[in-house]
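Just input-v5.txt here, compact mmCIF, N, CA and C atoms:
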# COMPACT_ATOMS: atom_id res chain seq x y z
N MET F 18 -0.97 -9.11 -16.41
CA MET F 18 -1.46 -7.74 -16.51
C MET F 18 -2.84 -7.66 -15.86
N ALA F 19 -3.04 -6.60 -15.14
CA ALA F 19 -4.33 -6.37 -14.48
C ALA F 19 -5.41 -6.08 -15.52
N SER F 20 -6.63 -6.34 -15.14
CA SER F 20 -7.75 -6.05 -16.05
C SER F 20 -8.49 -4.80 -15.58
N TYR F 21 -9.23 -4.25 -16.49
CA TYR F 21 -10.08 -3.09 -16.23
C TYR F 21 -11.01 -3.37 -15.05
N THR F 22 -11.63 -4.53 -15.07
CA THR F 22 -12.58 -4.91 -14.01
C THR F 22 -11.89 -5.06 -12.66
N GLU F 23 -10.68 -5.62 -12.65
CA GLU F 23 -9.95 -5.77 -11.39
C GLU F 23 -9.65 -4.41 -10.76
N VAL F 24 -9.23 -3.48 -11.57
CA VAL F 24 -8.92 -2.14 -11.06
C VAL F 24 -10.16 -1.55 -10.40
N LEU F 25 -11.28 -1.62 -11.08
CA LEU F 25 -12.52 -1.08 -10.52
C LEU F 25 -12.93 -1.80 -9.23
N GLN F 26 -12.71 -3.09 -9.17
CA GLN F 26 -13.09 -3.88 -8.00
C GLN F 26 -12.41 -3.38 -6.73
N TYR F 27 -11.13 -3.01 -6.82
CA TYR F 27 -10.39 -2.59 -5.63
C TYR F 27 -10.54 -1.11 -5.31
N LEU F 28 -11.29 -0.39 -6.12
CA LEU F 28 -11.50 1.03 -5.88
C LEU F 28 -12.97 1.37 -5.63
N SER F 29 -13.78 0.37 -5.40
CA SER F 29 -15.23 0.59 -5.28
C SER F 29 -15.62 1.47 -4.09
N ALA F 30 -14.82 1.50 -3.04
CA ALA F 30 -15.18 2.29 -1.85
C ALA F 30 -14.51 3.66 -1.82
N LEU F 31 -13.73 3.99 -2.84
CA LEU F 31 -12.99 5.25 -2.85
C LEU F 31 -13.91 6.42 -3.16
N ASP F 32 -13.74 7.50 -2.39
CA ASP F 32 -14.48 8.74 -2.64
C ASP F 32 -13.72 9.57 -3.67
N TYR F 33 -14.42 10.04 -4.67
CA TYR F 33 -13.83 10.86 -5.73
C TYR F 33 -14.30 12.29 -5.61
N PRO F 34 -13.55 13.25 -6.11
CA PRO F 34 -12.29 13.12 -6.84
C PRO F 34 -11.17 12.64 -5.92
N ALA F 35 -10.22 11.95 -6.52
CA ALA F 35 -9.11 11.38 -5.78
C ALA F 35 -7.83 11.50 -6.59
N GLY F 36 -6.74 11.72 -5.89
CA GLY F 36 -5.44 11.79 -6.54
C GLY F 36 -4.81 10.42 -6.65
N LYS F 37 -3.69 10.35 -7.33
CA LYS F 37 -2.98 9.09 -7.54
C LYS F 37 -2.66 8.41 -6.21
N SER F 38 -2.15 9.15 -5.24
CA SER F 38 -1.78 8.55 -3.95
C SER F 38 -3.01 7.98 -3.23
N ASP F 39 -4.15 8.66 -3.35
CA ASP F 39 -5.39 8.15 -2.75
C ASP F 39 -5.82 6.84 -3.40
N VAL F 40 -5.68 6.78 -4.71
CA VAL F 40 -6.05 5.58 -5.47
C VAL F 40 -5.19 4.40 -5.03
N ILE F 41 -3.89 4.61 -4.96
CA ILE F 41 -2.97 3.54 -4.58
C ILE F 41 -3.23 3.10 -3.14
N ARG F 42 -3.41 4.05 -2.25
CA ARG F 42 -3.66 3.74 -0.84
C ARG F 42 -4.93 2.90 -0.69
N GLU F 43 -5.99 3.25 -1.41
CA GLU F 43 -7.25 2.51 -1.34
C GLU F 43 -7.08 1.09 -1.88
N ALA F 44 -6.37 0.94 -2.98
CA ALA F 44 -6.15 -0.39 -3.55
C ALA F 44 -5.34 -1.26 -2.59
N GLU F 45 -4.33 -0.68 -1.95
CA GLU F 45 -3.55 -1.43 -0.96
C GLU F 45 -4.42 -1.84 0.22
N ARG F 46 -5.26 -0.93 0.69
CA ARG F 46 -6.15 -1.20 1.81
C ARG F 46 -7.12 -2.34 1.49
N GLU F 47 -7.55 -2.39 0.23
CA GLU F 47 -8.50 -3.42 -0.20
C GLU F 47 -7.82 -4.73 -0.56
N GLY F 48 -6.49 -4.79 -0.48
CA GLY F 48 -5.76 -6.03 -0.74
C GLY F 48 -5.57 -6.34 -2.21
N ALA F 49 -5.38 -5.33 -3.02
CA ALA F 49 -5.18 -5.53 -4.46
C ALA F 49 -3.91 -6.33 -4.72
N PRO F 50 -3.93 -7.21 -5.72
CA PRO F 50 -2.74 -8.00 -6.05
C PRO F 50 -1.65 -7.13 -6.67
N PRO F 51 -0.42 -7.64 -6.73
CA PRO F 51 0.71 -6.86 -7.23
C PRO F 51 0.52 -6.29 -8.64
N ASP F 52 -0.13 -7.03 -9.55
CA ASP F 52 -0.28 -6.51 -10.91
C ASP F 52 -1.21 -5.30 -10.96
N VAL F 53 -2.22 -5.26 -10.10
CA VAL F 53 -3.11 -4.10 -10.03
C VAL F 53 -2.35 -2.91 -9.43
N LEU F 54 -1.62 -3.14 -8.36
CA LEU F 54 -0.85 -2.06 -7.74
C LEU F 54 0.20 -1.50 -8.69
N GLN F 55 0.84 -2.36 -9.46
CA GLN F 55 1.83 -1.91 -10.43
C GLN F 55 1.19 -1.00 -11.47
N ALA F 56 0.02 -1.38 -11.96
CA ALA F 56 -0.69 -0.56 -12.95
C ALA F 56 -1.08 0.79 -12.36
N LEU F 57 -1.50 0.80 -11.10
CA LEU F 57 -1.92 2.05 -10.46
C LEU F 57 -0.73 2.95 -10.15
N ARG F 58 0.39 2.37 -9.82
CA ARG F 58 1.59 3.18 -9.54
C ARG F 58 2.11 3.88 -10.80
N ALA F 59 1.74 3.37 -11.96
CA ALA F 59 2.16 3.97 -13.23
C ALA F 59 1.20 5.06 -13.72
N LEU F 60 0.16 5.35 -12.95
CA LEU F 60 -0.81 6.36 -13.34
C LEU F 60 -0.18 7.75 -13.40
N PRO F 61 -0.68 8.61 -14.28
CA PRO F 61 -0.25 10.01 -14.25
C PRO F 61 -0.73 10.67 -12.94
N PRO F 62 0.04 11.58 -12.37
CA PRO F 62 -0.30 12.21 -11.09
C PRO F 62 -1.32 13.33 -11.24
N VAL F 63 -2.56 12.97 -11.47
CA VAL F 63 -3.65 13.94 -11.63
C VAL F 63 -4.81 13.55 -10.72
N GLU F 64 -5.81 14.40 -10.65
CA GLU F 64 -7.05 14.09 -9.92
C GLU F 64 -7.97 13.29 -10.83
N TYR F 65 -8.56 12.24 -10.30
CA TYR F 65 -9.48 11.40 -11.06
C TYR F 65 -10.90 11.62 -10.55
N ALA F 66 -11.82 11.78 -11.48
CA ALA F 66 -13.21 12.07 -11.13
C ALA F 66 -13.98 10.82 -10.72
N ASN F 67 -13.55 9.64 -11.21
CA ASN F 67 -14.25 8.40 -10.89
C ASN F 67 -13.36 7.20 -11.23
N GLY F 68 -13.83 6.03 -10.87
CA GLY F 68 -13.07 4.80 -11.11
C GLY F 68 -12.83 4.52 -12.58
N THR F 69 -13.77 4.90 -13.41
CA THR F 69 -13.62 4.68 -14.84
C THR F 69 -12.43 5.45 -15.38
N GLU F 70 -12.24 6.68 -14.94
CA GLU F 70 -11.07 7.46 -15.36
C GLU F 70 -9.78 6.78 -14.92
N VAL F 71 -9.78 6.25 -13.71
CA VAL F 71 -8.58 5.56 -13.22
C VAL F 71 -8.29 4.34 -14.09
N ALA F 72 -9.30 3.51 -14.29
CA ALA F 72 -9.11 2.27 -15.05
C ALA F 72 -8.68 2.56 -16.49
N ARG F 73 -9.23 3.61 -17.09
CA ARG F 73 -8.86 3.94 -18.47
C ARG F 73 -7.46 4.55 -18.55
N SER F 74 -6.97 5.15 -17.48
CA SER F 74 -5.64 5.74 -17.47
C SER F 74 -4.56 4.72 -17.11
N ALA F 75 -4.96 3.65 -16.45
CA ALA F 75 -4.00 2.64 -16.00
C ALA F 75 -3.60 1.75 -17.18
N ASP F 76 -2.42 1.16 -17.08
CA ASP F 76 -1.94 0.24 -18.10
C ASP F 76 -2.53 -1.14 -17.81
N VAL F 77 -3.77 -1.34 -18.26
CA VAL F 77 -4.48 -2.59 -18.03
C VAL F 77 -5.07 -3.09 -19.35
N ASP F 78 -5.57 -4.32 -19.31
CA ASP F 78 -6.31 -4.81 -20.47
C ASP F 78 -7.45 -3.84 -20.72
N ALA F 79 -7.77 -3.62 -21.97
CA ALA F 79 -8.75 -2.61 -22.37
C ALA F 79 -10.10 -2.82 -21.71
N ALA F 80 -10.83 -1.73 -21.61
CA ALA F 80 -12.18 -1.77 -21.07
C ALA F 80 -13.00 -2.76 -21.87
N PRO F 81 -13.87 -3.52 -21.22
CA PRO F 81 -14.63 -4.55 -21.92
C PRO F 81 -15.52 -4.01 -23.03
N GLU F 82 -15.97 -2.78 -22.91
CA GLU F 82 -16.86 -2.24 -23.93
C GLU F 82 -16.12 -1.64 -25.12
N VAL F 83 -14.79 -1.64 -25.09
CA VAL F 83 -14.00 -1.07 -26.16
C VAL F 83 -13.46 -2.22 -27.03
N ASP F 84 -13.85 -2.22 -28.30
CA ASP F 84 -13.37 -3.28 -29.19
C ASP F 84 -12.04 -2.89 -29.83
N ALA F 85 -11.46 -3.79 -30.60
CA ALA F 85 -10.13 -3.56 -31.18
C ALA F 85 -10.11 -2.36 -32.12
N THR F 86 -11.16 -2.15 -32.86
CA THR F 86 -11.22 -1.00 -33.77
C THR F 86 -11.21 0.31 -33.01
N GLN F 87 -11.98 0.38 -31.91
CA GLN F 87 -12.02 1.59 -31.10
C GLN F 87 -10.67 1.84 -30.42
N ARG F 88 -10.01 0.78 -29.94
CA ARG F 88 -8.70 0.94 -29.32
C ARG F 88 -7.69 1.50 -30.32
N ALA F 89 -7.74 1.00 -31.56
CA ALA F 89 -6.83 1.50 -32.59
C ALA F 89 -7.10 2.97 -32.89
N ALA F 90 -8.36 3.34 -32.96
CA ALA F 90 -8.72 4.74 -33.23
C ALA F 90 -8.25 5.63 -32.09
N GLN F 91 -8.39 5.19 -30.86
CA GLN F 91 -7.94 5.98 -29.71
C GLN F 91 -6.43 6.14 -29.72
N ALA F 92 -5.71 5.10 -30.13
CA ALA F 92 -4.25 5.16 -30.18
C ALA F 92 -3.79 6.20 -31.21
N ARG F 93 -4.54 6.36 -32.30
CA ARG F 93 -4.18 7.33 -33.33
C ARG F 93 -4.63 8.74 -32.99
N ASP F 94 -5.58 8.87 -32.10
CA ASP F 94 -6.17 10.16 -31.77
C ASP F 94 -5.27 10.91 -30.79
N LYS F 95 -4.74 12.04 -31.19
CA LYS F 95 -3.81 12.80 -30.35
C LYS F 95 -4.49 13.45 -29.15
N ARG F 96 -5.80 13.50 -29.12
CA ARG F 96 -6.49 14.09 -27.97
C ARG F 96 -6.39 13.19 -26.75
N HIS F 97 -6.03 11.93 -26.91
CA HIS F 97 -5.93 10.99 -25.80
C HIS F 97 -4.48 10.84 -25.35
N GLN F 98 -3.78 11.95 -25.22
CA GLN F 98 -2.39 11.91 -24.79
C GLN F 98 -2.31 11.67 -23.29
N ARG F 99 -1.23 11.06 -22.87
CA ARG F 99 -0.97 10.92 -21.44
C ARG F 99 -0.56 12.29 -20.91
N VAL F 100 -0.64 12.44 -19.62
CA VAL F 100 -0.35 13.73 -19.01
C VAL F 100 1.07 14.19 -19.32
N SER F 101 2.04 13.30 -19.24
CA SER F 101 3.42 13.70 -19.47
C SER F 101 3.62 14.24 -20.89
N GLN F 102 2.94 13.66 -21.87
CA GLN F 102 3.05 14.16 -23.23
C GLN F 102 2.43 15.55 -23.33
N HIS F 103 1.33 15.74 -22.64
CA HIS F 103 0.67 17.04 -22.65
C HIS F 103 1.56 18.11 -22.03
N LEU F 104 2.21 17.77 -20.94
CA LEU F 104 3.04 18.75 -20.23
C LEU F 104 4.26 19.17 -21.04
N ARG F 105 4.72 18.31 -21.94
CA ARG F 105 5.87 18.67 -22.77
C ARG F 105 5.57 19.86 -23.68
N SER F 106 4.32 20.02 -24.06
CA SER F 106 3.97 21.11 -24.97
C SER F 106 3.65 22.41 -24.27
N ILE F 107 3.69 22.43 -22.95
CA ILE F 107 3.37 23.63 -22.19
C ILE F 107 4.58 24.53 -22.07
I'd like the structure from this file rewritten - as structure tokens, please.
Amino acid sequence: MASYTEVLQYLSALDYPAGKSDVIREAEREGAPPDVLQALRALPPVEYANGTEVARSADVDAAPEVDATQRAAQARDKRHQRVSQHLRSI
């Protein structure tokens, strides 16, 4: 599984805001390994304001500054829904 730091490493030159396709294209251009590309391809198709938003939306190891208690709280918090879950209620 890709890490939060790895995702950021391959997107350091990307200009934001950027869409999912821009994020993937930049990671491929930078030579990202398959696990990073797989995590990025699973991103919701929205505009991202910065690399942190991308890394937090990707299915990667948690951000280094987020401890286990915070991750559990975020998992229970309905405000942190993925885009597809949000669209179901529209």
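Atom pair atom C of Thr69 in chain F / CA of Ser29 in chain F has a distance of 11.6 Å (rounded to one decimal).
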Q.
Here is a test: counting all atoms listed in the file, which residue of F:Ala19, F:Gln26, F:Val63, F:Val77 is nearest to Pro51 in chain F?
A. F:Ala19
Q: To one decimal in Å, tell me the separation between atom C of Pro50 in chain F and atom N of Thr86 in chain F.
A: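 Result for atom C of Pro50 in chain F versus atom N of Thr86 in chain F: 28.3 Å, one decimal.
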Q | Residues within 7 Å of Ala56 in chain F, only C-alpha atoms, excluding chain neighbours under 3 positions, as a PyMOL selection string | A | chain F and resi 52-53+59-60+75-77
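Atom pair atom C of Leu31 in chain F / CA of Gly68 in chain F: separated by 8.2 Å.
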Q) Any idea what's packed within 7 Å of Ala66 in chain F, counting all atoms listed in the file, ignoring anything in its chain fewer than 5 positions away? Could you give it as a list in words? A)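 Contacts, with the query itself left out: Tyr33, Pro34, Ala35 and Val71 of chain F.
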Would you output that residue set with N, CA and C atoms, as a compact mmCIF listing (two decimals), in the frame of the given file?
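Okay, this is what ended up in again-v2.txt:
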# COMPACT_ATOMS: atom_id res chain seq x y z
N TYR F 33 -14.42 10.04 -4.67
CA TYR F 33 -13.83 10.86 -5.73
C TYR F 33 -14.30 12.29 -5.61
N PRO F 34 -13.55 13.25 -6.11
CA PRO F 34 -12.29 13.12 -6.84
C PRO F 34 -11.17 12.64 -5.92
N ALA F 35 -10.22 11.95 -6.52
CA ALA F 35 -9.11 11.38 -5.78
C ALA F 35 -7.83 11.50 -6.59
N VAL F 71 -9.78 6.25 -13.71
CA VAL F 71 -8.58 5.56 -13.22
C VAL F 71 -8.29 4.34 -14.09
Could range 36-47 of chain F be completed with all heavy atoms and written as a PDB file, keeping the file's coordinate frame, please?
ATOM      1  N   GLY F  36      -6.740  11.720  -5.890  1.00  0.00           N
ATOM      2  CA  GLY F  36      -5.440  11.790  -6.540  1.00  0.00           C
ATOM      3  C   GLY F  36      -4.810  10.420  -6.650  1.00  0.00           C
ATOM      4  O   GLY F  36      -5.321   9.425  -6.113  1.00  0.00           O
ATOM      5  N   LYS F  37      -3.690  10.350  -7.330  1.00  0.00           N
ATOM      6  CA  LYS F  37      -2.980   9.090  -7.540  1.00  0.00           C
ATOM      7  C   LYS F  37      -2.660   8.410  -6.210  1.00  0.00           C
ATOM      8  O   LYS F  37      -2.871   7.211  -6.057  1.00  0.00           O
ATOM      9  CB  LYS F  37      -1.699   9.351  -8.329  1.00  0.00           C
ATOM     10  CG  LYS F  37      -0.837   8.140  -8.525  1.00  0.00           C
ATOM     11  CD  LYS F  37       0.431   8.477  -9.276  1.00  0.00           C
ATOM     12  CE  LYS F  37       1.359   7.279  -9.356  1.00  0.00           C
ATOM     13  NZ  LYS F  37       2.562   7.609 -10.138  1.00  0.00           N
ATOM     14  N   SER F  38      -2.150   9.150  -5.240  1.00  0.00           N
ATOM     15  CA  SER F  38      -1.780   8.550  -3.950  1.00  0.00           C
ATOM     16  C   SER F  38      -3.010   7.980  -3.230  1.00  0.00           C
ATOM     17  O   SER F  38      -2.925   6.927  -2.596  1.00  0.00           O
ATOM     18  CB  SER F  38      -1.050   9.556  -3.066  1.00  0.00           C
ATOM     19  OG  SER F  38      -1.873  10.670  -2.809  1.00  0.00           O
ATOM     20  N   ASP F  39      -4.150   8.660  -3.350  1.00  0.00           N
ATOM     21  CA  ASP F  39      -5.390   8.150  -2.750  1.00  0.00           C
ATOM     22  C   ASP F  39      -5.820   6.840  -3.400  1.00  0.00           C
ATOM     23  O   ASP F  39      -6.258   5.904  -2.729  1.00  0.00           O
ATOM     24  CB  ASP F  39      -6.528   9.166  -2.894  1.00  0.00           C
ATOM     25  CG  ASP F  39      -6.231  10.488  -2.225  1.00  0.00           C
ATOM     26  OD1 ASP F  39      -5.613  10.483  -1.129  1.00  0.00           O
ATOM     27  OD2 ASP F  39      -6.587  11.536  -2.797  1.00  0.00           O
ATOM     28  N   VAL F  40      -5.680   6.780  -4.710  1.00  0.00           N
ATOM     29  CA  VAL F  40      -6.050   5.580  -5.470  1.00  0.00           C
ATOM     30  C   VAL F  40      -5.190   4.400  -5.030  1.00  0.00           C
ATOM     31  O   VAL F  40      -5.704   3.306  -4.740  1.00  0.00           O
ATOM     32  CB  VAL F  40      -5.920   5.843  -6.986  1.00  0.00           C
ATOM     33  CG1 VAL F  40      -6.039   4.557  -7.782  1.00  0.00           C
ATOM     34  CG2 VAL F  40      -6.955   6.858  -7.447  1.00  0.00           C
ATOM     35  N   ILE F  41      -3.890   4.610  -4.960  1.00  0.00           N
ATOM     36  CA  ILE F  41      -2.970   3.540  -4.580  1.00  0.00           C
ATOM     37  C   ILE F  41      -3.230   3.100  -3.140  1.00  0.00           C
ATOM     38  O   ILE F  41      -3.282   1.900  -2.841  1.00  0.00           O
ATOM     39  CB  ILE F  41      -1.508   3.980  -4.759  1.00  0.00           C
ATOM     40  CG1 ILE F  41      -1.225   4.200  -6.248  1.00  0.00           C
ATOM     41  CG2 ILE F  41      -0.539   2.962  -4.164  1.00  0.00           C
ATOM     42  CD1 ILE F  41       0.082   4.899  -6.531  1.00  0.00           C
ATOM     43  N   ARG F  42      -3.410   4.050  -2.250  1.00  0.00           N
ATOM     44  CA  ARG F  42      -3.660   3.740  -0.840  1.00  0.00           C
ATOM     45  C   ARG F  42      -4.930   2.900  -0.690  1.00  0.00           C
ATOM     46  O   ARG F  42      -4.968   1.924   0.062  1.00  0.00           O
ATOM     47  CB  ARG F  42      -3.754   5.034  -0.035  1.00  0.00           C
ATOM     48  CG  ARG F  42      -3.756   4.847   1.453  1.00  0.00           C
ATOM     49  CD  ARG F  42      -3.700   6.156   2.250  1.00  0.00           C
ATOM     50  NE  ARG F  42      -4.123   7.354   1.541  1.00  0.00           N
ATOM     51  CZ  ARG F  42      -3.288   8.309   1.115  1.00  0.00           C
ATOM     52  NH1 ARG F  42      -1.998   8.198   1.299  1.00  0.00           N
ATOM     53  NH2 ARG F  42      -3.755   9.379   0.496  1.00  0.00           N
ATOM     54  N   GLU F  43      -5.990   3.250  -1.410  1.00  0.00           N
ATOM     55  CA  GLU F  43      -7.250   2.510  -1.340  1.00  0.00           C
ATOM     56  C   GLU F  43      -7.080   1.090  -1.880  1.00  0.00           C
ATOM     57  O   GLU F  43      -7.576   0.128  -1.279  1.00  0.00           O
ATOM     58  CB  GLU F  43      -8.346   3.228  -2.128  1.00  0.00           C
ATOM     59  CG  GLU F  43      -9.673   2.504  -2.153  1.00  0.00           C
ATOM     60  CD  GLU F  43     -10.346   2.384  -0.790  1.00  0.00           C
ATOM     61  OE1 GLU F  43      -9.975   3.115   0.151  1.00  0.00           O
ATOM     62  OE2 GLU F  43     -11.261   1.537  -0.671  1.00  0.00           O
ATOM     63  N   ALA F  44      -6.370   0.940  -2.980  1.00  0.00           N
ATOM     64  CA  ALA F  44      -6.150  -0.390  -3.550  1.00  0.00           C
ATOM     65  C   ALA F  44      -5.340  -1.260  -2.590  1.00  0.00           C
ATOM     66  O   ALA F  44      -5.644  -2.449  -2.409  1.00  0.00           O
ATOM     67  CB  ALA F  44      -5.451  -0.276  -4.893  1.00  0.00           C
ATOM     68  N   GLU F  45      -4.330  -0.680  -1.950  1.00  0.00           N
ATOM     69  CA  GLU F  45      -3.550  -1.430  -0.960  1.00  0.00           C
ATOM     70  C   GLU F  45      -4.420  -1.840   0.220  1.00  0.00           C
ATOM     71  O   GLU F  45      -4.342  -2.980   0.704  1.00  0.00           O
ATOM     72  CB  GLU F  45      -2.368  -0.595  -0.473  1.00  0.00           C
ATOM     73  CG  GLU F  45      -1.288  -0.412  -1.497  1.00  0.00           C
ATOM     74  CD  GLU F  45      -0.203   0.567  -1.074  1.00  0.00           C
ATOM     75  OE1 GLU F  45      -0.450   1.428  -0.203  1.00  0.00           O
ATOM     76  OE2 GLU F  45       0.895   0.471  -1.639  1.00  0.00           O
ATOM     77  N   ARG F  46      -5.260  -0.930   0.690  1.00  0.00           N
ATOM     78  CA  ARG F  46      -6.150  -1.200   1.810  1.00  0.00           C
ATOM     79  C   ARG F  46      -7.120  -2.340   1.490  1.00  0.00           C
ATOM     80  O   ARG F  46      -7.435  -3.161   2.329  1.00  0.00           O
ATOM     81  CB  ARG F  46      -6.922   0.060   2.186  1.00  0.00           C
ATOM     82  CG  ARG F  46      -7.682  -0.021   3.496  1.00  0.00           C
ATOM     83  CD  ARG F  46      -8.430   1.254   3.807  1.00  0.00           C
ATOM     84  NE  ARG F  46      -9.546   1.499   2.919  1.00  0.00           N
ATOM     85  CZ  ARG F  46     -10.710   0.847   2.952  1.00  0.00           C
ATOM     86  NH1 ARG F  46     -10.900  -0.116   3.820  1.00  0.00           N
ATOM     87  NH2 ARG F  46     -11.674   1.139   2.119  1.00  0.00           N
ATOM     88  N   GLU F  47      -7.550  -2.390   0.230  1.00  0.00           N
ATOM     89  CA  GLU F  47      -8.500  -3.420  -0.200  1.00  0.00           C
ATOM     90  C   GLU F  47      -7.820  -4.730  -0.560  1.00  0.00           C
ATOM     91  O   GLU F  47      -8.491  -5.691  -0.934  1.00  0.00           O
ATOM     92  CB  GLU F  47      -9.308  -2.907  -1.401  1.00  0.00           C
ATOM     93  CG  GLU F  47     -10.287  -1.810  -1.052  1.00  0.00           C
ATOM     94  CD  GLU F  47     -11.438  -2.298  -0.189  1.00  0.00           C
ATOM     95  OE1 GLU F  47     -11.912  -3.436  -0.388  1.00  0.00           O
ATOM     96  OE2 GLU F  47     -11.864  -1.534   0.699  1.00  0.00           O
TER      97      GLU F  47
END
